[in-house]
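Colleague: As input, take model.cif (mmCIF, N, CA and C atoms):
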data_my_file
#
loop_
_atom_site.label_atom_id
_atom_site.label_comp_id
_atom_site.auth_asym_id
_atom_site.auth_seq_id
_atom_site.Cartn_x
_atom_site.Cartn_y
_atom_site.Cartn_z
N MET A 1 43.28 -56.22 -30.75
CA MET A 1 42.67 -57.53 -30.86
C MET A 1 41.82 -57.61 -32.12
N THR A 2 41.00 -56.63 -32.37
CA THR A 2 40.15 -56.62 -33.55
C THR A 2 40.98 -56.54 -34.82
N LEU A 3 42.03 -55.72 -34.81
CA LEU A 3 42.88 -55.60 -35.98
C LEU A 3 43.58 -56.91 -36.31
N ALA A 4 44.08 -57.59 -35.32
CA ALA A 4 44.75 -58.87 -35.54
C ALA A 4 43.76 -59.87 -36.12
N LEU A 5 42.55 -59.86 -35.63
CA LEU A 5 41.53 -60.76 -36.13
C LEU A 5 41.21 -60.43 -37.58
N ALA A 6 41.10 -59.15 -37.90
CA ALA A 6 40.79 -58.74 -39.27
C ALA A 6 41.89 -59.20 -40.23
N ARG A 7 43.13 -59.09 -39.84
CA ARG A 7 44.23 -59.54 -40.70
C ARG A 7 44.16 -61.05 -40.91
N THR A 8 43.85 -61.79 -39.87
CA THR A 8 43.74 -63.25 -39.99
C THR A 8 42.63 -63.61 -40.95
N VAL A 9 41.51 -62.96 -40.83
CA VAL A 9 40.37 -63.24 -41.71
C VAL A 9 40.75 -62.94 -43.16
N GLN A 10 41.43 -61.83 -43.40
CA GLN A 10 41.81 -61.48 -44.76
C GLN A 10 42.77 -62.52 -45.33
N ALA A 11 43.71 -62.99 -44.53
CA ALA A 11 44.67 -63.98 -45.02
C ALA A 11 43.96 -65.29 -45.34
N VAL A 12 43.06 -65.71 -44.49
CA VAL A 12 42.31 -66.95 -44.73
C VAL A 12 41.42 -66.79 -45.94
N ASP A 13 40.78 -65.61 -46.05
CA ASP A 13 39.87 -65.37 -47.16
C ASP A 13 40.60 -65.47 -48.49
N GLY A 14 41.84 -65.04 -48.55
CA GLY A 14 42.60 -65.12 -49.78
C GLY A 14 42.91 -66.55 -50.21
N GLN A 15 42.83 -67.47 -49.27
CA GLN A 15 43.14 -68.87 -49.57
C GLN A 15 41.89 -69.71 -49.83
N THR A 16 40.70 -69.17 -49.64
CA THR A 16 39.48 -69.96 -49.83
C THR A 16 39.03 -69.88 -51.27
N LYS A 17 38.34 -70.93 -51.69
CA LYS A 17 37.78 -70.95 -53.03
C LYS A 17 36.44 -70.23 -53.03
N GLN A 18 36.07 -69.70 -54.15
CA GLN A 18 34.79 -69.03 -54.28
C GLN A 18 33.67 -70.07 -54.15
N ALA A 19 32.70 -69.82 -53.30
CA ALA A 19 31.58 -70.73 -53.10
C ALA A 19 30.62 -70.65 -54.28
N LYS A 20 29.95 -71.77 -54.54
CA LYS A 20 28.91 -71.78 -55.57
C LYS A 20 27.74 -70.93 -55.06
N ALA A 21 26.78 -70.70 -55.93
CA ALA A 21 25.59 -69.95 -55.53
C ALA A 21 24.99 -70.59 -54.29
N ASN A 22 24.52 -69.76 -53.39
CA ASN A 22 24.01 -70.25 -52.11
C ASN A 22 22.62 -70.86 -52.28
N GLN A 23 22.56 -72.04 -52.88
CA GLN A 23 21.31 -72.77 -53.06
C GLN A 23 21.55 -74.25 -52.82
N PRO A 24 20.56 -74.94 -52.25
CA PRO A 24 20.73 -76.38 -52.06
C PRO A 24 20.49 -77.12 -53.38
N GLU A 25 20.84 -78.39 -53.41
CA GLU A 25 20.56 -79.21 -54.57
C GLU A 25 19.04 -79.26 -54.79
N GLN A 26 18.61 -79.45 -56.03
CA GLN A 26 17.18 -79.46 -56.33
C GLN A 26 16.43 -80.53 -55.54
N SER A 27 17.04 -81.71 -55.38
CA SER A 27 16.37 -82.78 -54.64
C SER A 27 16.16 -82.39 -53.18
N VAL A 28 17.11 -81.68 -52.60
CA VAL A 28 17.00 -81.21 -51.21
C VAL A 28 15.91 -80.15 -51.12
N GLN A 29 15.89 -79.24 -52.06
CA GLN A 29 14.86 -78.19 -52.08
C GLN A 29 13.47 -78.82 -52.18
N ARG A 30 13.32 -79.86 -53.01
CA ARG A 30 12.03 -80.54 -53.14
C ARG A 30 11.60 -81.17 -51.83
N ILE A 31 12.53 -81.84 -51.16
CA ILE A 31 12.21 -82.47 -49.87
C ILE A 31 11.76 -81.40 -48.88
N PHE A 32 12.50 -80.31 -48.79
CA PHE A 32 12.15 -79.22 -47.88
C PHE A 32 10.75 -78.68 -48.18
N LEU A 33 10.48 -78.39 -49.44
CA LEU A 33 9.18 -77.83 -49.80
C LEU A 33 8.05 -78.84 -49.55
N ASN A 34 8.32 -80.13 -49.75
CA ASN A 34 7.31 -81.15 -49.45
C ASN A 34 6.99 -81.19 -47.97
N LEU A 35 8.00 -81.06 -47.13
CA LEU A 35 7.78 -81.04 -45.68
C LEU A 35 6.95 -79.82 -45.28
N ILE A 36 7.31 -78.66 -45.81
CA ILE A 36 6.58 -77.44 -45.49
C ILE A 36 5.14 -77.53 -45.99
N SER A 37 4.93 -78.02 -47.20
CA SER A 37 3.56 -78.11 -47.72
C SER A 37 2.76 -79.16 -46.95
N ALA A 38 3.40 -80.22 -46.47
CA ALA A 38 2.70 -81.22 -45.65
C ALA A 38 2.19 -80.58 -44.35
N ILE A 39 3.00 -79.70 -43.76
CA ILE A 39 2.56 -78.99 -42.55
C ILE A 39 1.40 -78.07 -42.90
N GLU A 40 1.54 -77.33 -43.97
CA GLU A 40 0.49 -76.39 -44.38
C GLU A 40 -0.83 -77.11 -44.67
N GLU A 41 -0.73 -78.31 -45.27
CA GLU A 41 -1.92 -79.09 -45.65
C GLU A 41 -2.42 -80.02 -44.55
N ASN A 42 -1.71 -80.07 -43.43
CA ASN A 42 -2.02 -81.00 -42.34
C ASN A 42 -2.03 -82.45 -42.85
N ASN A 43 -0.99 -82.81 -43.60
CA ASN A 43 -0.89 -84.13 -44.21
C ASN A 43 0.26 -84.92 -43.55
N TYR A 44 -0.06 -85.63 -42.50
CA TYR A 44 0.93 -86.39 -41.73
C TYR A 44 1.65 -87.42 -42.58
N ASN A 45 0.91 -88.18 -43.38
CA ASN A 45 1.54 -89.23 -44.19
C ASN A 45 2.54 -88.66 -45.20
N LYS A 46 2.20 -87.53 -45.78
CA LYS A 46 3.13 -86.86 -46.70
C LYS A 46 4.38 -86.42 -45.94
N PHE A 47 4.18 -85.92 -44.72
CA PHE A 47 5.29 -85.40 -43.92
C PHE A 47 6.31 -86.50 -43.60
N ILE A 48 5.85 -87.65 -43.18
CA ILE A 48 6.80 -88.70 -42.77
C ILE A 48 7.24 -89.59 -43.93
N SER A 49 6.65 -89.45 -45.11
CA SER A 49 6.91 -90.36 -46.22
C SER A 49 8.37 -90.39 -46.67
N GLN A 50 9.11 -89.30 -46.52
CA GLN A 50 10.49 -89.24 -46.98
C GLN A 50 11.50 -89.48 -45.86
N GLY A 51 10.99 -89.86 -44.69
CA GLY A 51 11.86 -90.04 -43.53
C GLY A 51 12.41 -91.44 -43.40
N ASN A 52 13.53 -91.54 -42.68
CA ASN A 52 14.05 -92.87 -42.35
C ASN A 52 13.21 -93.45 -41.22
N GLU A 53 13.48 -94.68 -40.84
CA GLU A 53 12.66 -95.36 -39.83
C GLU A 53 12.65 -94.61 -38.50
N THR A 54 13.79 -94.12 -38.08
CA THR A 54 13.88 -93.39 -36.81
C THR A 54 13.01 -92.14 -36.85
N PHE A 55 13.05 -91.42 -37.95
CA PHE A 55 12.23 -90.21 -38.11
C PHE A 55 10.75 -90.56 -38.04
N LYS A 56 10.36 -91.62 -38.75
CA LYS A 56 8.95 -92.03 -38.78
C LYS A 56 8.46 -92.43 -37.39
N GLU A 57 9.33 -93.06 -36.62
CA GLU A 57 8.95 -93.46 -35.26
C GLU A 57 8.89 -92.26 -34.32
N ALA A 58 9.80 -91.31 -34.49
CA ALA A 58 9.91 -90.18 -33.57
C ALA A 58 8.81 -89.14 -33.79
N ILE A 59 8.40 -88.95 -35.04
CA ILE A 59 7.39 -87.94 -35.34
C ILE A 59 6.01 -88.59 -35.28
N THR A 60 5.41 -88.49 -34.13
CA THR A 60 4.08 -89.06 -33.96
C THR A 60 3.03 -88.13 -34.56
N LYS A 61 1.85 -88.66 -34.75
CA LYS A 61 0.74 -87.85 -35.26
C LYS A 61 0.47 -86.68 -34.31
N GLN A 62 0.60 -86.92 -33.01
CA GLN A 62 0.36 -85.88 -32.02
C GLN A 62 1.37 -84.74 -32.15
N ILE A 63 2.64 -85.07 -32.30
CA ILE A 63 3.68 -84.05 -32.48
C ILE A 63 3.42 -83.26 -33.76
N PHE A 64 3.11 -83.98 -34.83
CA PHE A 64 2.84 -83.32 -36.10
C PHE A 64 1.65 -82.37 -35.99
N THR A 65 0.60 -82.80 -35.31
CA THR A 65 -0.60 -81.98 -35.16
C THR A 65 -0.29 -80.70 -34.39
N GLN A 66 0.57 -80.78 -33.38
CA GLN A 66 0.96 -79.58 -32.63
C GLN A 66 1.71 -78.59 -33.52
N VAL A 67 2.66 -79.10 -34.31
CA VAL A 67 3.42 -78.24 -35.21
C VAL A 67 2.49 -77.63 -36.25
N ASN A 68 1.61 -78.45 -36.80
CA ASN A 68 0.65 -77.97 -37.79
C ASN A 68 -0.21 -76.84 -37.22
N GLY A 69 -0.69 -77.02 -36.01
CA GLY A 69 -1.53 -76.00 -35.38
C GLY A 69 -0.83 -74.67 -35.21
N GLN A 70 0.46 -74.71 -34.95
CA GLN A 70 1.23 -73.48 -34.76
C GLN A 70 1.62 -72.82 -36.07
N LEU A 71 2.00 -73.63 -37.06
CA LEU A 71 2.59 -73.05 -38.28
C LEU A 71 1.66 -72.96 -39.48
N SER A 72 0.72 -73.86 -39.60
CA SER A 72 -0.13 -73.87 -40.79
C SER A 72 -0.82 -72.53 -41.05
N PRO A 73 -1.44 -71.91 -40.03
CA PRO A 73 -2.08 -70.61 -40.30
C PRO A 73 -1.09 -69.56 -40.80
N ARG A 74 0.11 -69.58 -40.27
CA ARG A 74 1.12 -68.61 -40.70
C ARG A 74 1.58 -68.91 -42.12
N LEU A 75 1.79 -70.20 -42.43
CA LEU A 75 2.21 -70.58 -43.77
C LEU A 75 1.16 -70.19 -44.81
N LYS A 76 -0.10 -70.39 -44.47
CA LYS A 76 -1.19 -70.09 -45.40
C LYS A 76 -1.30 -68.60 -45.70
N LYS A 77 -0.88 -67.75 -44.78
CA LYS A 77 -0.91 -66.30 -45.00
C LYS A 77 0.22 -65.84 -45.90
N GLY A 78 1.23 -66.71 -46.07
CA GLY A 78 2.36 -66.38 -46.93
C GLY A 78 3.67 -66.38 -46.17
N TYR A 79 4.70 -66.84 -46.85
CA TYR A 79 6.02 -66.92 -46.24
C TYR A 79 7.09 -66.89 -47.33
N SER A 80 8.30 -66.65 -46.92
CA SER A 80 9.44 -66.81 -47.82
C SER A 80 10.47 -67.67 -47.10
N ALA A 81 11.18 -68.46 -47.87
CA ALA A 81 12.22 -69.33 -47.34
C ALA A 81 13.54 -68.97 -48.01
N VAL A 82 14.52 -68.63 -47.19
CA VAL A 82 15.85 -68.27 -47.69
C VAL A 82 16.83 -69.33 -47.23
N PHE A 83 17.50 -69.97 -48.17
CA PHE A 83 18.49 -70.98 -47.85
C PHE A 83 19.71 -70.31 -47.23
N LEU A 84 20.16 -70.85 -46.09
CA LEU A 84 21.28 -70.24 -45.37
C LEU A 84 22.60 -70.99 -45.56
N GLY A 85 22.53 -72.30 -45.74
CA GLY A 85 23.77 -73.05 -45.90
C GLY A 85 23.63 -74.51 -45.55
N LYS A 86 24.75 -75.20 -45.66
CA LYS A 86 24.81 -76.65 -45.45
C LYS A 86 25.94 -76.97 -44.50
N LEU A 87 25.70 -77.93 -43.62
CA LEU A 87 26.71 -78.42 -42.68
C LEU A 87 26.82 -79.93 -42.82
N ASN A 88 27.98 -80.47 -42.47
CA ASN A 88 28.15 -81.91 -42.34
C ASN A 88 28.28 -82.19 -40.85
N GLN A 89 27.34 -82.99 -40.33
CA GLN A 89 27.34 -83.29 -38.90
C GLN A 89 26.97 -84.75 -38.67
N GLN A 90 27.88 -85.48 -38.04
CA GLN A 90 27.66 -86.86 -37.61
C GLN A 90 27.12 -87.74 -38.73
N GLY A 91 27.66 -87.59 -39.92
CA GLY A 91 27.26 -88.43 -41.05
C GLY A 91 26.03 -87.93 -41.80
N TYR A 92 25.46 -86.82 -41.35
CA TYR A 92 24.28 -86.24 -42.00
C TYR A 92 24.67 -84.96 -42.72
N GLN A 93 23.93 -84.65 -43.78
CA GLN A 93 24.03 -83.34 -44.42
C GLN A 93 22.88 -82.53 -43.82
N VAL A 94 23.22 -81.40 -43.23
CA VAL A 94 22.25 -80.58 -42.54
C VAL A 94 22.08 -79.28 -43.32
N TYR A 95 20.85 -78.99 -43.70
CA TYR A 95 20.53 -77.80 -44.50
C TYR A 95 19.71 -76.84 -43.65
N LEU A 96 20.01 -75.55 -43.79
CA LEU A 96 19.35 -74.53 -42.97
C LEU A 96 18.63 -73.51 -43.84
N TRP A 97 17.42 -73.15 -43.41
CA TRP A 97 16.64 -72.11 -44.06
C TRP A 97 16.09 -71.14 -43.03
N LYS A 98 15.91 -69.91 -43.44
CA LYS A 98 15.21 -68.92 -42.64
C LYS A 98 13.81 -68.78 -43.23
N LEU A 99 12.79 -69.02 -42.41
CA LEU A 99 11.41 -68.81 -42.83
C LEU A 99 10.94 -67.48 -42.26
N SER A 100 10.51 -66.59 -43.14
CA SER A 100 9.92 -65.31 -42.73
C SER A 100 8.47 -65.33 -43.17
N PHE A 101 7.61 -64.81 -42.31
CA PHE A 101 6.18 -64.89 -42.55
C PHE A 101 5.59 -63.52 -42.82
N LYS A 102 4.56 -63.49 -43.67
CA LYS A 102 3.92 -62.23 -44.02
C LYS A 102 3.17 -61.62 -42.85
N ASP A 103 2.92 -62.43 -41.79
CA ASP A 103 2.23 -61.86 -40.63
C ASP A 103 3.16 -60.95 -39.82
N GLY A 104 4.44 -60.93 -40.16
CA GLY A 104 5.39 -60.04 -39.51
C GLY A 104 5.87 -60.49 -38.15
N ASN A 105 5.39 -61.63 -37.68
CA ASN A 105 5.85 -62.15 -36.38
C ASN A 105 7.20 -62.86 -36.54
N ASP A 106 7.64 -63.52 -35.50
CA ASP A 106 8.97 -64.11 -35.46
C ASP A 106 9.28 -65.01 -36.65
N ASP A 107 10.53 -64.94 -37.09
CA ASP A 107 11.04 -65.85 -38.11
C ASP A 107 11.27 -67.21 -37.48
N VAL A 108 11.45 -68.21 -38.33
CA VAL A 108 11.71 -69.58 -37.89
C VAL A 108 12.97 -70.07 -38.60
N LEU A 109 13.84 -70.74 -37.85
CA LEU A 109 15.00 -71.40 -38.43
C LEU A 109 14.60 -72.85 -38.69
N ALA A 110 14.68 -73.28 -39.95
CA ALA A 110 14.36 -74.65 -40.32
C ALA A 110 15.66 -75.40 -40.55
N ARG A 111 15.74 -76.59 -39.95
CA ARG A 111 16.95 -77.42 -40.06
C ARG A 111 16.53 -78.80 -40.55
N LEU A 112 17.02 -79.18 -41.72
CA LEU A 112 16.70 -80.45 -42.36
C LEU A 112 17.96 -81.32 -42.40
N SER A 113 17.89 -82.50 -41.78
CA SER A 113 19.02 -83.44 -41.77
C SER A 113 18.71 -84.60 -42.69
N LEU A 114 19.64 -84.86 -43.62
CA LEU A 114 19.47 -85.95 -44.59
C LEU A 114 20.65 -86.90 -44.54
N LYS A 115 20.35 -88.17 -44.75
CA LYS A 115 21.37 -89.19 -44.89
C LYS A 115 20.85 -90.22 -45.88
N ASP A 116 21.65 -90.48 -46.90
CA ASP A 116 21.26 -91.42 -47.95
C ASP A 116 19.91 -91.06 -48.57
N GLY A 117 19.66 -89.75 -48.73
CA GLY A 117 18.43 -89.29 -49.37
C GLY A 117 17.18 -89.37 -48.51
N LYS A 118 17.33 -89.74 -47.26
CA LYS A 118 16.17 -89.86 -46.35
C LYS A 118 16.26 -88.80 -45.25
N VAL A 119 15.09 -88.31 -44.84
CA VAL A 119 15.03 -87.32 -43.77
C VAL A 119 15.32 -88.03 -42.44
N GLY A 120 16.30 -87.51 -41.74
CA GLY A 120 16.63 -88.02 -40.41
C GLY A 120 16.16 -87.09 -39.32
N GLY A 121 15.86 -85.84 -39.70
CA GLY A 121 15.37 -84.86 -38.74
C GLY A 121 14.91 -83.60 -39.44
N PHE A 122 13.92 -82.96 -38.85
CA PHE A 122 13.42 -81.69 -39.36
C PHE A 122 12.97 -80.88 -38.16
N TRP A 123 13.73 -79.82 -37.86
CA TRP A 123 13.47 -78.99 -36.69
C TRP A 123 13.08 -77.60 -37.14
N LEU A 124 12.11 -77.04 -36.44
CA LEU A 124 11.67 -75.68 -36.69
C LEU A 124 11.79 -74.90 -35.39
N ASN A 125 12.74 -73.97 -35.33
CA ASN A 125 12.98 -73.20 -34.11
C ASN A 125 12.66 -71.75 -34.35
#
Have the structure of the file written as structure tokens, please.
Modeller:
Amino acid sequence: MTLALARTVQAVDGQTKQAKANQPEQSVQRIFLNLISAIEENNYNKFISQGNETFKEAITKQIFTQVNGQLSPRLKKGYSAVFLGKLNQQGYQVYLWKLSFKDGNDDVLARLSLKDGKVGGFWLN
């Protein structure tokens, strides 16, 4: 079973094009970093400023404050963000990052959904 799977992967791999460097577009990277810095700075208005109407309505000040309370101290101690990839889902471009923190505790998966240049969702798991 494993051997058959390995042969299939090799055959498919030979037909795929070489991917570009694993980095998001600069505009996407800026949006992501603005969202992270808004959490670190406890700046609600900055956080929702790039969102579409649904995002602005869904992310209340209370929700933002809870996220800020959990992540801001960790962000301030230092972190690294590694871009993992991009997906197309339900009309949105979804970008994924791994956040690792200098405190050595659990990593966070960040998921940013964009449509027409506006944030439609930002999840931190």
Colleague: Excluding Phe55 of chain A and any residue of its chain fewer than 5 positions from it, enumerate the residues within 7 Å of it, using only C-alpha atoms, and give them as a ChimeraX atom specification.
Modeller: /A:119-121
Colleague: Identify all residues satisfying the PyMOL selection byres ((chain A and resi 94) around 6) in the given file; provide them as number ranges by chain.
Modeller: A: 85-89, 92-93, 95-96, 112-114
Colleague: Mind checking DSSP for chain A and telling me the strand (DSSP E or B) residues as a ChimeraX atom specification?
Modeller: /A:51,79-89,92-101,108-115,118-124
Colleague: Take the residues from that selection and put them in a file with N, CA and C atoms, as a compact mmCIF listing (two decimals), in the frame of the given file.
Modeller:
# COMPACT_ATOMS: atom_id res chain seq x y z
N GLY A 51 10.99 -89.86 -44.69
CA GLY A 51 11.86 -90.04 -43.53
C GLY A 51 12.41 -91.44 -43.40
N TYR A 79 4.70 -66.84 -46.85
CA TYR A 79 6.02 -66.92 -46.24
C TYR A 79 7.09 -66.89 -47.33
N SER A 80 8.30 -66.65 -46.92
CA SER A 80 9.44 -66.81 -47.82
C SER A 80 10.47 -67.67 -47.10
N ALA A 81 11.18 -68.46 -47.87
CA ALA A 81 12.22 -69.33 -47.34
C ALA A 81 13.54 -68.97 -48.01
N VAL A 82 14.52 -68.63 -47.19
CA VAL A 82 15.85 -68.27 -47.69
C VAL A 82 16.83 -69.33 -47.23
N PHE A 83 17.50 -69.97 -48.17
CA PHE A 83 18.49 -70.98 -47.85
C PHE A 83 19.71 -70.31 -47.23
N LEU A 84 20.16 -70.85 -46.09
CA LEU A 84 21.28 -70.24 -45.37
C LEU A 84 22.60 -70.99 -45.56
N GLY A 85 22.53 -72.30 -45.74
CA GLY A 85 23.77 -73.05 -45.90
C GLY A 85 23.63 -74.51 -45.55
N LYS A 86 24.75 -75.20 -45.66
CA LYS A 86 24.81 -76.65 -45.45
C LYS A 86 25.94 -76.97 -44.50
N LEU A 87 25.70 -77.93 -43.62
CA LEU A 87 26.71 -78.42 -42.68
C LEU A 87 26.82 -79.93 -42.82
N ASN A 88 27.98 -80.47 -42.47
CA ASN A 88 28.15 -81.91 -42.34
C ASN A 88 28.28 -82.19 -40.85
N GLN A 89 27.34 -82.99 -40.33
CA GLN A 89 27.34 -83.29 -38.90
C GLN A 89 26.97 -84.75 -38.67
N TYR A 92 25.46 -86.82 -41.35
CA TYR A 92 24.28 -86.24 -42.00
C TYR A 92 24.67 -84.96 -42.72
N GLN A 93 23.93 -84.65 -43.78
CA GLN A 93 24.03 -83.34 -44.42
C GLN A 93 22.88 -82.53 -43.82
N VAL A 94 23.22 -81.40 -43.23
CA VAL A 94 22.25 -80.58 -42.54
C VAL A 94 22.08 -79.28 -43.32
N TYR A 95 20.85 -78.99 -43.70
CA TYR A 95 20.53 -77.80 -44.50
C TYR A 95 19.71 -76.84 -43.65
N LEU A 96 20.01 -75.55 -43.79
CA LEU A 96 19.35 -74.53 -42.97
C LEU A 96 18.63 -73.51 -43.84
N TRP A 97 17.42 -73.15 -43.41
CA TRP A 97 16.64 -72.11 -44.06
C TRP A 97 16.09 -71.14 -43.03
N LYS A 98 15.91 -69.91 -43.44
CA LYS A 98 15.21 -68.92 -42.64
C LYS A 98 13.81 -68.78 -43.23
N LEU A 99 12.79 -69.02 -42.41
CA LEU A 99 11.41 -68.81 -42.83
C LEU A 99 10.94 -67.48 -42.26
N SER A 100 10.51 -66.59 -43.14
CA SER A 100 9.92 -65.31 -42.73
C SER A 100 8.47 -65.33 -43.17
N PHE A 101 7.61 -64.81 -42.31
CA PHE A 101 6.18 -64.89 -42.55
C PHE A 101 5.59 -63.52 -42.82
N VAL A 108 11.45 -68.21 -38.33
CA VAL A 108 11.71 -69.58 -37.89
C VAL A 108 12.97 -70.07 -38.60
N LEU A 109 13.84 -70.74 -37.85
CA LEU A 109 15.00 -71.40 -38.43
C LEU A 109 14.60 -72.85 -38.69
N ALA A 110 14.68 -73.28 -39.95
CA ALA A 110 14.36 -74.65 -40.32
C ALA A 110 15.66 -75.40 -40.55
N ARG A 111 15.74 -76.59 -39.95
CA ARG A 111 16.95 -77.42 -40.06
C ARG A 111 16.53 -78.80 -40.55
N LEU A 112 17.02 -79.18 -41.72
CA LEU A 112 16.70 -80.45 -42.36
C LEU A 112 17.96 -81.32 -42.40
N SER A 113 17.89 -82.50 -41.78
CA SER A 113 19.02 -83.44 -41.77
C SER A 113 18.71 -84.60 -42.69
N LEU A 114 19.64 -84.86 -43.62
CA LEU A 114 19.47 -85.95 -44.59
C LEU A 114 20.65 -86.90 -44.54
N LYS A 115 20.35 -88.17 -44.75
CA LYS A 115 21.37 -89.19 -44.89
C LYS A 115 20.85 -90.22 -45.88
N LYS A 118 17.33 -89.74 -47.26
CA LYS A 118 16.17 -89.86 -46.35
C LYS A 118 16.26 -88.80 -45.25
N VAL A 119 15.09 -88.31 -44.84
CA VAL A 119 15.03 -87.32 -43.77
C VAL A 119 15.32 -88.03 -42.44
N GLY A 120 16.30 -87.51 -41.74
CA GLY A 120 16.63 -88.02 -40.41
C GLY A 120 16.16 -87.09 -39.32
N GLY A 121 15.86 -85.84 -39.70
CA GLY A 121 15.37 -84.86 -38.74
C GLY A 121 14.91 -83.60 -39.44
N PHE A 122 13.92 -82.96 -38.85
CA PHE A 122 13.42 -81.69 -39.36
C PHE A 122 12.97 -80.88 -38.16
N TRP A 123 13.73 -79.82 -37.86
CA TRP A 123 13.47 -78.99 -36.69
C TRP A 123 13.08 -77.60 -37.14
N LEU A 124 12.11 -77.04 -36.44
CA LEU A 124 11.67 -75.68 -36.69
C LEU A 124 11.79 -74.90 -35.39
Colleague: With DSSP run on the backbone, what are the alpha helix (DSSP H) residues within chain A? I'd like them as a PyMOL selection string.
Modeller: chain A and resi 2-15+26-41+44-48+53-58+61-77
Colleague: Using only N, CA and C atoms, determine which residues lie at most 8 Å from segment 30-37 of chain A, disregarding the query and same-chain residues fewer than 5 positions distant; provide the list as a ChimeraX atom specification.
Modeller: /A:24-25,42-43,46-48,50,75,112
Colleague: Could you check how far atom CA of Gly104 of chain A sits from atom CA of Asn125 of chain A, in Å to one decimal?
Modeller: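 So the answer is 16.1 Å.
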Colleague: To one decimal in Å, tell me the separation between atom CA of Ser49 of chain A and atom N of Asp106 of chain A.
Modeller: 28.9 Å
Colleague: Quick one: pull the distance between atom C of Asp107 of chain A and atom CA of Thr54 of chain A, Å, one decimal.
Modeller: 26.3 Å
Colleague: Atoms are missing here; could segment 31-36 of chain A be completed with all heavy atoms and written as a PDB file, keeping the file's coordinate frame?
Modeller:
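Result file follows (rebuild_10.pdb):
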ATOM      1  N   ILE A  31      12.530 -81.840 -51.160  1.00  0.00           N
ATOM      2  CA  ILE A  31      12.210 -82.470 -49.870  1.00  0.00           C
ATOM      3  C   ILE A  31      11.760 -81.400 -48.880  1.00  0.00           C
ATOM      4  O   ILE A  31      10.734 -81.562 -48.197  1.00  0.00           O
ATOM      5  CB  ILE A  31      13.419 -83.256 -49.316  1.00  0.00           C
ATOM      6  CG1 ILE A  31      13.686 -84.487 -50.182  1.00  0.00           C
ATOM      7  CG2 ILE A  31      13.193 -83.655 -47.858  1.00  0.00           C
ATOM      8  CD1 ILE A  31      14.997 -85.197 -49.883  1.00  0.00           C
ATOM      9  N   PHE A  32      12.500 -80.310 -48.790  1.00  0.00           N
ATOM     10  CA  PHE A  32      12.150 -79.220 -47.880  1.00  0.00           C
ATOM     11  C   PHE A  32      10.750 -78.680 -48.180  1.00  0.00           C
ATOM     12  O   PHE A  32       9.918 -78.541 -47.279  1.00  0.00           O
ATOM     13  CB  PHE A  32      13.198 -78.100 -47.977  1.00  0.00           C
ATOM     14  CG  PHE A  32      12.830 -76.865 -47.225  1.00  0.00           C
ATOM     15  CD1 PHE A  32      12.905 -76.825 -45.838  1.00  0.00           C
ATOM     16  CD2 PHE A  32      12.393 -75.733 -47.898  1.00  0.00           C
ATOM     17  CE1 PHE A  32      12.551 -75.683 -45.135  1.00  0.00           C
ATOM     18  CE2 PHE A  32      12.047 -74.590 -47.202  1.00  0.00           C
ATOM     19  CZ  PHE A  32      12.122 -74.568 -45.823  1.00  0.00           C
ATOM     20  N   LEU A  33      10.480 -78.390 -49.440  1.00  0.00           N
ATOM     21  CA  LEU A  33       9.180 -77.830 -49.800  1.00  0.00           C
ATOM     22  C   LEU A  33       8.050 -78.840 -49.550  1.00  0.00           C
ATOM     23  O   LEU A  33       6.946 -78.444 -49.172  1.00  0.00           O
ATOM     24  CB  LEU A  33       9.189 -77.370 -51.263  1.00  0.00           C
ATOM     25  CG  LEU A  33      10.076 -76.147 -51.529  1.00  0.00           C
ATOM     26  CD1 LEU A  33      10.142 -75.838 -53.013  1.00  0.00           C
ATOM     27  CD2 LEU A  33       9.593 -74.940 -50.737  1.00  0.00           C
ATOM     28  N   ASN A  34       8.320 -80.130 -49.750  1.00  0.00           N
ATOM     29  CA  ASN A  34       7.310 -81.150 -49.450  1.00  0.00           C
ATOM     30  C   ASN A  34       6.990 -81.190 -47.970  1.00  0.00           C
ATOM     31  O   ASN A  34       5.827 -81.336 -47.581  1.00  0.00           O
ATOM     32  CB  ASN A  34       7.769 -82.535 -49.921  1.00  0.00           C
ATOM     33  CG  ASN A  34       7.626 -82.721 -51.412  1.00  0.00           C
ATOM     34  OD1 ASN A  34       6.844 -82.049 -52.068  1.00  0.00           O
ATOM     35  ND2 ASN A  34       8.395 -83.643 -51.962  1.00  0.00           N
ATOM     36  N   LEU A  35       8.000 -81.060 -47.130  1.00  0.00           N
ATOM     37  CA  LEU A  35       7.780 -81.040 -45.680  1.00  0.00           C
ATOM     38  C   LEU A  35       6.950 -79.820 -45.280  1.00  0.00           C
ATOM     39  O   LEU A  35       6.009 -79.927 -44.492  1.00  0.00           O
ATOM     40  CB  LEU A  35       9.109 -81.075 -44.934  1.00  0.00           C
ATOM     41  CG  LEU A  35       9.903 -82.381 -45.024  1.00  0.00           C
ATOM     42  CD1 LEU A  35      11.324 -82.176 -44.509  1.00  0.00           C
ATOM     43  CD2 LEU A  35       9.202 -83.494 -44.262  1.00  0.00           C
ATOM     44  N   ILE A  36       7.310 -78.660 -45.810  1.00  0.00           N
ATOM     45  CA  ILE A  36       6.580 -77.440 -45.490  1.00  0.00           C
ATOM     46  C   ILE A  36       5.140 -77.530 -45.990  1.00  0.00           C
ATOM     47  O   ILE A  36       4.194 -77.184 -45.262  1.00  0.00           O
ATOM     48  CB  ILE A  36       7.287 -76.195 -46.095  1.00  0.00           C
ATOM     49  CG1 ILE A  36       8.647 -75.983 -45.424  1.00  0.00           C
ATOM     50  CG2 ILE A  36       6.414 -74.952 -45.999  1.00  0.00           C
ATOM     51  CD1 ILE A  36       8.585 -75.621 -43.947  1.00  0.00           C
TER      52      ILE A  36
END
